[in-house]
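structure-v9.tsv follows; it contains TSV, C-alpha atoms.
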```tsv
chain	number	residue	atom	x	y	z
A	1	MET	CA	11.15	-32.32	-62.00
A	2	LEU	CA	13.35	-35.18	-60.78
A	3	ASP	CA	16.04	-33.97	-63.19
A	4	LYS	CA	15.99	-30.53	-61.70
A	5	LEU	CA	16.28	-31.86	-58.15
A	6	LYS	CA	19.17	-34.07	-59.23
A	7	LYS	CA	20.98	-31.04	-60.65
A	8	ILE	CA	20.52	-29.07	-57.46
A	9	TRP	CA	21.76	-32.01	-55.45
A	10	GLN	CA	24.86	-32.21	-57.65
A	11	VAL	CA	25.62	-28.53	-56.95
A	12	LEU	CA	24.99	-28.93	-53.26
A	13	ASN	CA	26.96	-32.15	-53.07
A	14	ARG	CA	30.13	-30.81	-54.63
A	15	PRO	CA	29.79	-27.02	-54.86
A	16	SER	CA	33.48	-26.39	-55.56
A	17	VAL	CA	33.18	-28.19	-58.90
A	18	HIS	CA	30.49	-25.75	-60.03
A	19	TYR	CA	31.54	-22.49	-58.31
A	20	SER	CA	34.94	-21.01	-57.60
A	21	LEU	CA	36.26	-21.37	-54.08
A	22	GLY	CA	36.59	-17.61	-53.78
A	23	PHE	CA	32.93	-17.14	-54.62
A	24	LEU	CA	31.90	-19.75	-52.11
A	25	THR	CA	33.97	-18.22	-49.34
A	26	LEU	CA	32.61	-14.77	-50.06
A	27	GLY	CA	29.05	-16.08	-50.37
A	28	GLY	CA	29.36	-17.92	-47.10
A	29	PHE	CA	30.64	-14.78	-45.45
A	30	VAL	CA	27.78	-12.63	-46.76
A	31	ALA	CA	25.18	-15.21	-45.76
A	32	GLY	CA	26.77	-15.39	-42.33
A	33	VAL	CA	26.58	-11.64	-41.90
A	34	ILE	CA	22.93	-11.58	-42.94
A	35	PHE	CA	22.04	-14.50	-40.68
A	36	TRP	CA	24.00	-13.11	-37.74
A	37	GLY	CA	22.47	-9.67	-38.20
A	38	GLY	CA	18.97	-11.06	-38.33
A	39	PHE	CA	19.66	-13.04	-35.21
A	40	ASN	CA	20.93	-9.92	-33.53
A	41	THR	CA	17.84	-7.95	-34.55
A	42	ALA	CA	15.61	-10.68	-33.17
A	43	LEU	CA	17.56	-10.55	-29.95
A	44	GLU	CA	17.29	-6.77	-29.81
A	45	ALA	CA	13.52	-7.04	-30.09
A	46	THR	CA	13.36	-9.30	-27.08
A	47	ASN	CA	15.78	-7.04	-25.27
A	48	LYS	CA	13.31	-4.21	-24.73
A	49	GLU	CA	11.33	-3.46	-21.66
A	50	ALA	CA	8.11	-3.47	-23.69
A	51	PHE	CA	8.77	-7.12	-24.49
A	52	CYS	CA	9.30	-8.02	-20.85
A	53	ILE	CA	6.16	-6.34	-19.57
A	54	GLY	CA	4.17	-7.84	-22.40
A	55	CYS	CA	3.60	-10.61	-19.91
A	56	HIS	CA	1.27	-9.67	-17.12
A	57	GLU	CA	3.37	-11.69	-14.69
A	58	MET	CA	6.15	-9.20	-15.23
A	59	GLU	CA	3.97	-6.11	-15.59
A	60	ASN	CA	1.66	-6.59	-12.59
A	61	ASN	CA	4.33	-7.49	-10.10
A	62	VAL	CA	7.91	-6.41	-10.63
A	63	TYR	CA	7.21	-3.52	-13.02
A	64	GLN	CA	4.71	-1.90	-10.65
A	65	GLU	CA	7.23	-2.13	-7.85
A	66	LEU	CA	10.05	-0.72	-9.96
A	67	GLN	CA	8.05	2.45	-10.57
A	68	THR	CA	8.36	3.60	-6.98
A	69	THR	CA	12.15	3.24	-6.89
A	70	ILE	CA	15.07	5.48	-7.78
A	71	HIS	CA	15.74	3.49	-10.93
A	72	PHE	CA	12.46	4.64	-12.47
A	73	THR	CA	12.45	8.35	-11.67
A	74	ASN	CA	15.29	10.37	-10.24
A	75	ARG	CA	16.79	13.83	-10.42
A	76	SER	CA	19.13	12.87	-13.26
A	77	GLY	CA	16.43	11.41	-15.49
A	78	VAL	CA	18.42	8.28	-16.27
A	79	ARG	CA	16.21	5.22	-16.27
A	80	ALA	CA	17.21	1.62	-15.75
A	81	THR	CA	14.97	-0.73	-17.73
A	82	CYS	CA	14.52	-4.45	-17.14
A	83	PRO	CA	17.17	-5.58	-19.64
A	84	ASP	CA	19.70	-3.14	-18.13
A	85	CYS	CA	19.71	-5.19	-14.96
A	86	HIS	CA	18.67	-8.59	-16.19
A	87	VAL	CA	20.16	-9.37	-19.60
A	88	PRO	CA	23.91	-9.00	-19.93
A	89	HIS	CA	24.97	-6.72	-22.78
A	90	ASN	CA	27.87	-8.98	-23.62
A	91	TRP	CA	27.17	-11.19	-26.67
A	92	THR	CA	27.99	-14.66	-25.37
A	93	ASP	CA	26.36	-14.09	-22.03
A	94	LYS	CA	23.37	-12.80	-23.94
A	95	ILE	CA	22.79	-16.04	-25.77
A	96	ALA	CA	23.28	-18.05	-22.61
A	97	ARG	CA	20.61	-15.92	-20.94
A	98	LYS	CA	18.19	-16.38	-23.84
A	99	MET	CA	18.53	-20.13	-23.58
A	100	GLN	CA	17.57	-19.87	-19.94
A	101	ALA	CA	14.72	-17.53	-20.84
A	102	SER	CA	12.98	-20.23	-22.86
A	103	LYS	CA	12.19	-21.77	-19.48
A	104	GLU	CA	10.15	-18.66	-18.77
A	105	VAL	CA	7.98	-19.34	-21.79
A	106	TRP	CA	7.26	-22.75	-20.27
A	107	GLY	CA	6.39	-21.01	-17.05
A	108	LYS	CA	3.85	-18.90	-18.93
A	109	VAL	CA	2.30	-21.95	-20.52
A	110	PHE	CA	1.99	-23.75	-17.21
A	111	GLY	CA	1.07	-20.62	-15.27
A	112	THR	CA	3.58	-21.00	-12.46
A	113	ILE	CA	3.19	-17.39	-11.37
A	114	ASN	CA	0.03	-16.11	-13.03
A	115	THR	CA	-1.54	-14.69	-9.85
A	116	ARG	CA	-0.10	-12.34	-7.25
A	117	GLU	CA	-0.28	-15.09	-4.63
A	118	LYS	CA	1.57	-17.57	-6.80
A	119	PHE	CA	4.12	-14.92	-7.67
A	120	GLU	CA	4.69	-14.07	-4.02
A	121	SER	CA	5.10	-17.70	-3.04
A	122	LYS	CA	7.63	-18.21	-5.83
A	123	ARG	CA	9.45	-14.90	-5.38
A	124	ARG	CA	12.10	-16.19	-3.01
A	125	GLU	CA	13.15	-18.83	-5.50
A	126	LEU	CA	13.23	-16.40	-8.45
A	127	ALA	CA	15.09	-13.79	-6.41
A	128	GLU	CA	17.66	-16.36	-5.38
A	129	HIS	CA	18.38	-17.13	-9.03
A	130	GLU	CA	19.04	-13.45	-9.64
A	131	TRP	CA	21.22	-13.02	-6.56
A	132	GLU	CA	23.23	-16.05	-7.57
A	133	ARG	CA	23.71	-14.71	-11.08
A	134	LEU	CA	24.73	-11.23	-9.92
A	135	LYS	CA	27.04	-12.68	-7.30
A	136	ALA	CA	28.68	-14.90	-9.91
A	137	ASN	CA	29.29	-12.06	-12.38
A	138	ASP	CA	30.36	-9.58	-9.68
A	139	SER	CA	27.21	-7.48	-10.25
A	140	LEU	CA	28.15	-6.86	-13.86
A	141	GLU	CA	24.84	-5.17	-14.74
A	142	CYS	CA	25.08	-2.70	-11.88
A	143	ARG	CA	28.63	-1.90	-12.85
A	144	ASN	CA	27.60	-1.20	-16.44
A	145	CYS	CA	26.11	2.01	-15.08
A	146	HIS	CA	27.80	2.46	-11.71
A	147	ASN	CA	31.52	2.26	-12.33
A	148	PHE	CA	33.44	1.81	-9.11
A	149	THR	CA	36.50	3.54	-10.58
A	150	TYR	CA	34.55	6.76	-11.00
A	151	MET	CA	32.76	6.78	-7.66
A	152	ASP	CA	33.62	9.93	-5.75
A	153	PHE	CA	33.41	8.91	-2.11
A	154	THR	CA	33.55	12.52	-0.97
A	155	ARG	CA	30.26	13.04	-2.78
A	156	GLN	CA	28.59	10.10	-1.09
A	157	SER	CA	26.91	10.01	2.28
A	158	PRO	CA	29.29	8.92	5.07
A	159	ARG	CA	27.36	5.69	5.46
A	160	ALA	CA	27.82	4.86	1.78
A	161	SER	CA	31.46	5.87	1.48
A	162	GLN	CA	32.33	3.94	4.64
A	163	MET	CA	31.02	0.74	3.08
A	164	HIS	CA	32.21	1.38	-0.46
A	165	SER	CA	35.76	2.22	0.55
A	166	THR	CA	36.12	-0.91	2.66
A	167	SER	CA	34.29	-4.15	1.80
A	168	LEU	CA	33.54	-3.13	-1.78
A	169	ALA	CA	36.97	-1.71	-2.55
A	170	SER	CA	38.70	-4.82	-1.23
A	171	GLY	CA	36.55	-7.02	-3.45
A	172	GLU	CA	35.26	-8.90	-0.44
A	173	LYS	CA	31.68	-7.92	-1.29
A	174	THR	CA	29.84	-6.97	-4.44
A	175	CYS	CA	26.88	-4.64	-5.00
A	176	ILE	CA	24.21	-7.29	-4.64
A	177	ASP	CA	25.54	-8.40	-1.24
A	178	CYS	CA	24.42	-5.09	0.24
A	179	HIS	CA	21.81	-3.77	-2.20
A	180	LYS	CA	19.20	-6.52	-2.39
A	181	GLY	CA	15.69	-5.25	-3.06
A	182	ILE	CA	16.94	-2.16	-4.88
A	183	ALA	CA	14.33	-2.53	-7.63
A	184	HIS	CA	11.52	-4.75	-6.35
A	185	HIS	CA	9.88	-5.87	-3.13
A	186	LEU	CA	11.78	-8.53	-1.27
A	187	PRO	CA	10.49	-11.99	-0.38
A	188	ASP	CA	10.66	-13.30	3.19
A	189	MET	CA	14.37	-12.90	3.94
A	190	GLU	CA	14.58	-15.48	6.75
A	191	GLY	CA	18.04	-16.99	6.60
A	192	VAL	CA	19.40	-14.82	3.80
A	193	LYS	CA	22.93	-13.62	4.57
A	194	GLY	CA	22.92	-10.00	5.65
A	195	PHE	CA	19.35	-9.99	6.97
B	1	MET	CA	-26.81	-1.26	42.16
B	2	LYS	CA	-26.13	2.15	43.64
B	3	THR	CA	-22.60	2.29	42.19
B	4	LEU	CA	-23.94	1.29	38.79
B	5	LYS	CA	-26.37	4.20	38.85
B	6	LEU	CA	-23.58	6.53	39.90
B	7	VAL	CA	-21.30	5.33	37.10
B	8	SER	CA	-23.97	5.75	34.46
B	9	ALA	CA	-24.80	9.21	35.79
B	10	ILE	CA	-21.16	10.25	35.51
B	11	GLY	CA	-20.99	8.75	32.05
B	12	LEU	CA	-24.08	10.71	31.00
B	13	LEU	CA	-22.61	13.91	32.40
B	14	ALA	CA	-19.32	13.34	30.56
B	15	PHE	CA	-21.19	12.68	27.34
B	16	GLY	CA	-23.20	15.85	27.77
B	17	ALA	CA	-20.06	17.89	28.36
B	18	LEU	CA	-18.53	16.44	25.23
B	19	MET	CA	-21.61	17.37	23.18
B	20	MET	CA	-21.51	20.92	24.55
B	21	THR	CA	-17.89	21.44	23.59
B	22	SER	CA	-18.42	20.14	20.09
B	23	VAL	CA	-21.44	22.41	19.69
B	24	SER	CA	-19.47	25.43	20.88
B	25	ALA	CA	-16.57	24.47	18.59
B	26	ALA	CA	-18.89	24.74	15.64
B	27	SER	CA	-19.81	28.32	16.58
B	28	ILE	CA	-16.20	29.59	16.60
B	29	PRO	CA	-15.72	31.95	13.64
B	30	GLU	CA	-13.65	30.46	10.85
B	31	ASP	CA	-10.74	32.91	11.01
B	32	LYS	CA	-10.24	32.03	14.68
B	33	ILE	CA	-9.51	28.38	13.98
B	34	ASP	CA	-5.81	27.72	14.13
B	35	THR	CA	-5.06	25.40	11.27
B	36	LEU	CA	-2.21	24.46	8.98
B	37	ARG	CA	-4.63	24.17	6.10
B	38	GLN	CA	-4.53	27.60	4.46
B	39	ALA	CA	-7.12	26.92	1.76
B	40	PRO	CA	-10.89	26.42	2.00
B	41	ILE	CA	-11.94	22.84	2.61
B	42	ASN	CA	-13.48	22.40	-0.86
B	43	ILE	CA	-10.32	23.46	-2.73
B	44	GLU	CA	-7.29	21.26	-3.27
B	45	PRO	CA	-4.30	23.61	-3.31
B	46	THR	CA	-1.03	22.75	-5.06
B	47	PRO	CA	1.11	21.25	-2.33
B	48	PRO	CA	4.52	22.82	-1.69
B	49	ALA	CA	7.57	21.01	-3.04
B	50	MET	CA	8.71	18.09	-0.90
B	51	GLN	CA	11.62	18.77	1.40
B	52	ASN	CA	14.81	16.80	1.34
B	53	VAL	CA	15.48	14.34	4.11
B	54	ARG	CA	18.51	15.23	6.18
B	55	ASN	CA	21.05	12.56	5.42
B	56	THR	CA	23.96	13.82	7.50
B	57	ASP	CA	24.81	10.57	9.32
B	58	VAL	CA	25.51	12.70	12.38
B	59	LYS	CA	23.56	11.66	15.47
B	60	GLU	CA	21.24	14.34	16.80
B	61	VAL	CA	20.77	15.47	20.38
B	62	ARG	CA	18.02	13.72	22.31
B	63	ASN	CA	15.80	16.20	24.08
B	64	TYR	CA	15.14	13.92	27.04
B	65	PRO	CA	16.57	10.54	28.00
B	66	MET	CA	13.54	8.50	27.00
B	67	GLN	CA	13.27	10.03	23.55
B	68	PRO	CA	13.55	7.65	20.63
B	69	PRO	CA	16.51	9.15	18.74
B	70	VAL	CA	15.65	10.64	15.36
B	71	ILE	CA	17.09	8.85	12.34
B	72	PRO	CA	20.13	10.71	10.97
B	73	HIS	CA	19.97	9.04	7.54
B	74	LYS	CA	17.44	8.61	4.76
B	75	ILE	CA	15.26	5.54	4.76
B	76	ASP	CA	13.90	5.67	1.19
B	77	GLY	CA	12.98	2.26	-0.08
B	78	TYR	CA	13.77	0.48	3.17
B	79	GLN	CA	11.24	-2.31	3.27
B	80	LEU	CA	9.59	-2.68	6.65
B	81	ASP	CA	6.79	-5.23	6.68
B	82	LEU	CA	6.04	-8.74	7.89
B	83	LYS	CA	8.49	-10.24	5.41
B	84	VAL	CA	11.49	-7.98	5.82
B	85	ASN	CA	12.82	-5.58	8.40
B	86	LYS	CA	15.50	-3.67	6.54
B	87	CYS	CA	16.37	-1.61	9.63
B	88	MET	CA	17.38	-4.74	11.50
B	89	ALA	CA	19.68	-5.70	8.62
B	90	CYS	CA	21.96	-2.99	10.04
B	91	HIS	CA	20.79	-2.42	13.61
B	92	ALA	CA	20.37	-5.98	14.91
B	93	ARG	CA	22.90	-7.24	17.42
B	94	SER	CA	24.34	-9.71	14.96
B	95	ARG	CA	24.62	-7.18	12.13
B	96	ILE	CA	26.43	-4.23	13.66
B	97	GLY	CA	29.84	-5.72	12.98
B	98	ASP	CA	29.25	-5.39	9.26
B	99	SER	CA	27.15	-2.24	9.25
B	100	GLN	CA	28.92	-0.25	12.00
B	101	ALA	CA	25.50	1.04	13.05
B	102	PRO	CA	24.51	1.47	16.71
B	103	MET	CA	22.71	-1.60	18.04
B	104	VAL	CA	19.06	-1.19	18.96
B	105	SER	CA	19.21	-0.77	22.73
B	106	VAL	CA	18.30	-3.59	25.06
B	107	THR	CA	14.82	-2.13	25.60
B	108	HIS	CA	14.03	-3.34	22.08
B	109	TYR	CA	14.49	-6.90	23.26
B	110	MET	CA	12.19	-6.54	26.27
B	111	ASP	CA	8.52	-7.38	26.49
B	112	ARG	CA	6.19	-5.19	28.50
B	113	ASP	CA	6.87	-7.15	31.68
B	114	ASN	CA	10.56	-6.34	31.26
B	115	ASN	CA	11.53	-9.89	30.37
B	116	PHE	CA	14.46	-10.06	27.95
B	117	LEU	CA	13.62	-11.85	24.73
B	118	ALA	CA	16.05	-13.59	22.39
B	119	GLU	CA	14.67	-11.68	19.44
B	120	LEU	CA	13.40	-8.19	18.74
B	121	SER	CA	10.26	-7.57	20.78
B	122	PRO	CA	7.13	-7.54	18.60
B	123	ARG	CA	6.13	-4.17	20.05
B	124	ARG	CA	9.36	-2.71	18.69
B	125	TYR	CA	9.16	-4.30	15.26
B	126	PHE	CA	7.85	-1.32	13.31
B	127	CYS	CA	10.66	1.12	13.95
B	128	THR	CA	9.10	4.12	12.23
B	129	GLN	CA	6.32	4.16	14.83
B	130	CYS	CA	8.87	5.83	17.08
B	131	HIS	CA	11.90	6.76	14.97
B	132	VAL	CA	11.65	9.23	12.11
B	133	PRO	CA	14.09	10.96	9.80
B	134	GLN	CA	14.15	14.78	9.79
B	135	LEU	CA	13.42	17.15	6.92
B	136	ASP	CA	15.32	20.22	5.89
B	137	ALA	CA	12.23	22.34	6.41
B	138	LYS	CA	11.37	25.48	8.29
B	139	LEU	CA	9.11	24.98	11.26
B	140	LEU	CA	5.42	25.46	10.54
B	141	VAL	CA	4.61	26.10	14.17
B	142	GLU	CA	6.93	27.55	16.76
B	143	ASN	CA	8.38	25.06	19.20
B	144	ASP	CA	8.59	26.26	22.79
B	145	PHE	CA	10.02	23.08	24.22
B	146	VAL	CA	12.48	23.73	27.05
B	147	ASP	CA	15.23	21.25	27.76
B	148	MET	CA	15.12	19.66	31.21
B	149	GLU	CA	18.69	20.69	31.91
B	150	HIS	CA	17.79	24.28	31.25
B	151	LEU	CA	14.86	24.02	33.66
B	152	ILE	CA	17.07	22.60	36.40
B	153	LYS	CA	19.60	25.35	35.84
B	154	THR	CA	17.09	28.19	36.12
B	155	ASN	CA	15.57	26.47	39.13
B	156	THR	CA	18.87	26.33	41.06
B	157	GLU	CA	19.68	29.88	40.03
B	158	GLN	CA	16.35	31.08	41.42
B	159	LYS	CA	16.98	29.26	44.69
B	160	LYS	CA	20.30	31.06	45.12
B	161	HIS	CA	18.58	34.45	45.19
```
Would it be possible to restate this file's structure as structure tokens?
Amino acid sequence: MLDKLKKIWQVLNRPSVHYSLGFLTLGGFVAGVIFWGGFNTALEATNKEAFCIGCHEMENNVYQELQTTIHFTNRSGVRATCPDCHVPHNWTDKIARKMQASKEVWGKVFGTINTREKFESKRRELAEHEWERLKANDSLECRNCHNFTYMDFTRQSPRASQMHSTSLASGEKTCIDCHKGIAHHLPDMEGVKGF
Amino acid sequence: MKTLKLVSAIGLLAFGALMMTSVSAASIPEDKIDTLRQAPINIEPTPPAMQNVRNTDVKEVRNYPMQPPVIPHKIDGYQLDLKVNKCMACHARSRIGDSQAPMVSVTHYMDRDNNFLAELSPRRYFCTQCHVPQLDAKLLVENDFVDMEHLIKTNTEQKKH
């Protein structure tokens, strides 16, 4: 038994003595692909709406509210799901978001928002995190679907095209500056810019 | 004491009159009742398709000076409750620079004793009590409203003759 372990250790300690460098490089590459792929699959699984609303905190509050908005049903039949707006599709951003998400699991354990009342009293804080994030990435998630370059102002209502062709076009404002509360109820907006 | 008796007598009379009218209302034949409900009361008909809200952004004529103007844009999803007043995010005095919307008029800052308040008067908080958007629908009942100006005109014309 000890002999066997010793042998394994010898291989692990100086692998290039026992295997060719080419084999090792290739092996490392294959293992990397498998590991990376598995990681990606795991991420995909947590990147579905079903995963998000698996928690009643998410289902009973924000999901219910989403259902009455244009991003749930509309004439075009295109639906925005939670991850469309909340988890960046870009790889590196994705991992950064997941690290932050582990805080949510803590929240579940400690029940920070497990009743409607608690959720409502915490909503302002949670919403502010989201506004901050969308402001910082220039509303990346919105732009994944709504591409400014392809907006036809002549097809928009005068009120919309007036705003989009000025403050938005100049880059002075981004979607979230004007479209807060597009998917969920808003918290008390006292003191929020634009209200 | 005498006035009290008189008041209660009048009250009794009024009550009796009310009872009479409601009794006679019940005896009106069904086809004589003017109603928008075209189906019997125990049947839930399929409602007609919802009409689109007119979203023209073109102000509409006010029919008389005191009329709350109708809303020329859609208000879908505009939150209006104790937490948020989305309308005021565009129509408040301090917001019209950004939104280019007309400011709520000064009457919206007055209390019922005509004192000017610093903030929106509580009695004007729920905008949709008085202001409504318009639908692209055909009228269900004919409207025989006559504009005041038209009345004045016909009046002066009659005087001439």
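Set the cut-off at 7 Å, count only C-alpha atoms, and the residues of chain B near chain A turn out to be Asp57, Gly77, Lys83, Val84 and Ala89 of chain B.
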**Q.** Between atom CA of Ala50 of chain A and atom CA of Ser102 of chain A, distance in Å (one decimal)
**A.** 17.5 Å
Q: Mind giving me the straight-line distance from atom CA of Ser105 of chain B to atom CA of Val58 of chain B in Å, one decimal?
A: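 Those two atoms sit 18.1 Å apart.
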Could you pull the residues within 9 Å of Lys48 of chain A, counting all atoms listed in the file, minus those fewer than 6 positions along the same chain, as a PDB file with C-alpha atoms, in the frame of the given file?
```pdb
ATOM      1  CA  THR A  81      14.970  -0.730 -17.730  1.00  0.00           C
ATOM      2  CA  CYS A  82      14.520  -4.450 -17.140  1.00  0.00           C
ATOM      3  CA  PRO A  83      17.170  -5.580 -19.640  1.00  0.00           C
TER       4      PRO A  83
END
```
Q.
Calculated over all atoms listed in the file, which of the candidates B:Ser99, B:His91, B:Asn52, B:Pro133 has the smallest distance to His164 of chain A?
A.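 Of B:Ser99, B:His91, B:Asn52, B:Pro133, the one nearest His164 of chain A is B:Ser99, counting all atoms listed in the file.
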Asp138 of chain A surroundings by only C-alpha atoms, 9 Å radius, close-in-sequence under 2 positions cut, as an mmCIF file with C-alpha atoms, keeping the file's coordinate frame:
```cif
data_model
loop_
_atom_site.group_PDB
_atom_site.id
_atom_site.type_symbol
_atom_site.label_atom_id
_atom_site.label_comp_id
_atom_site.auth_asym_id
_atom_site.auth_seq_id
_atom_site.Cartn_x
_atom_site.Cartn_y
_atom_site.Cartn_z
ATOM 1 C CA ARG A 133 23.710 -14.710 -11.080
ATOM 2 C CA LEU A 134 24.730 -11.230 -9.920
ATOM 3 C CA LYS A 135 27.040 -12.680 -7.300
ATOM 4 C CA ALA A 136 28.680 -14.900 -9.910
ATOM 5 C CA LEU A 140 28.150 -6.860 -13.860
ATOM 6 C CA GLU A 141 24.840 -5.170 -14.740
ATOM 7 C CA CYS A 142 25.080 -2.700 -11.880
ATOM 8 C CA ARG A 143 28.630 -1.900 -12.850
ATOM 9 C CA LYS A 173 31.680 -7.920 -1.290
ATOM 10 C CA THR A 174 29.840 -6.970 -4.440
ATOM 11 C CA CYS A 175 26.880 -4.640 -5.000
ATOM 12 C CA ILE A 176 24.210 -7.290 -4.640
#
```
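Atom pair atom CA of Arg155 of chain A / atom CA of Phe72 of chain A: separated by 21.9 Å.
Closest approach to Leu82 of chain B among B:Phe126, B:Ile41, B:Ile96, B:Asn55 is made by B:Phe126 (distances from only C-alpha atoms).
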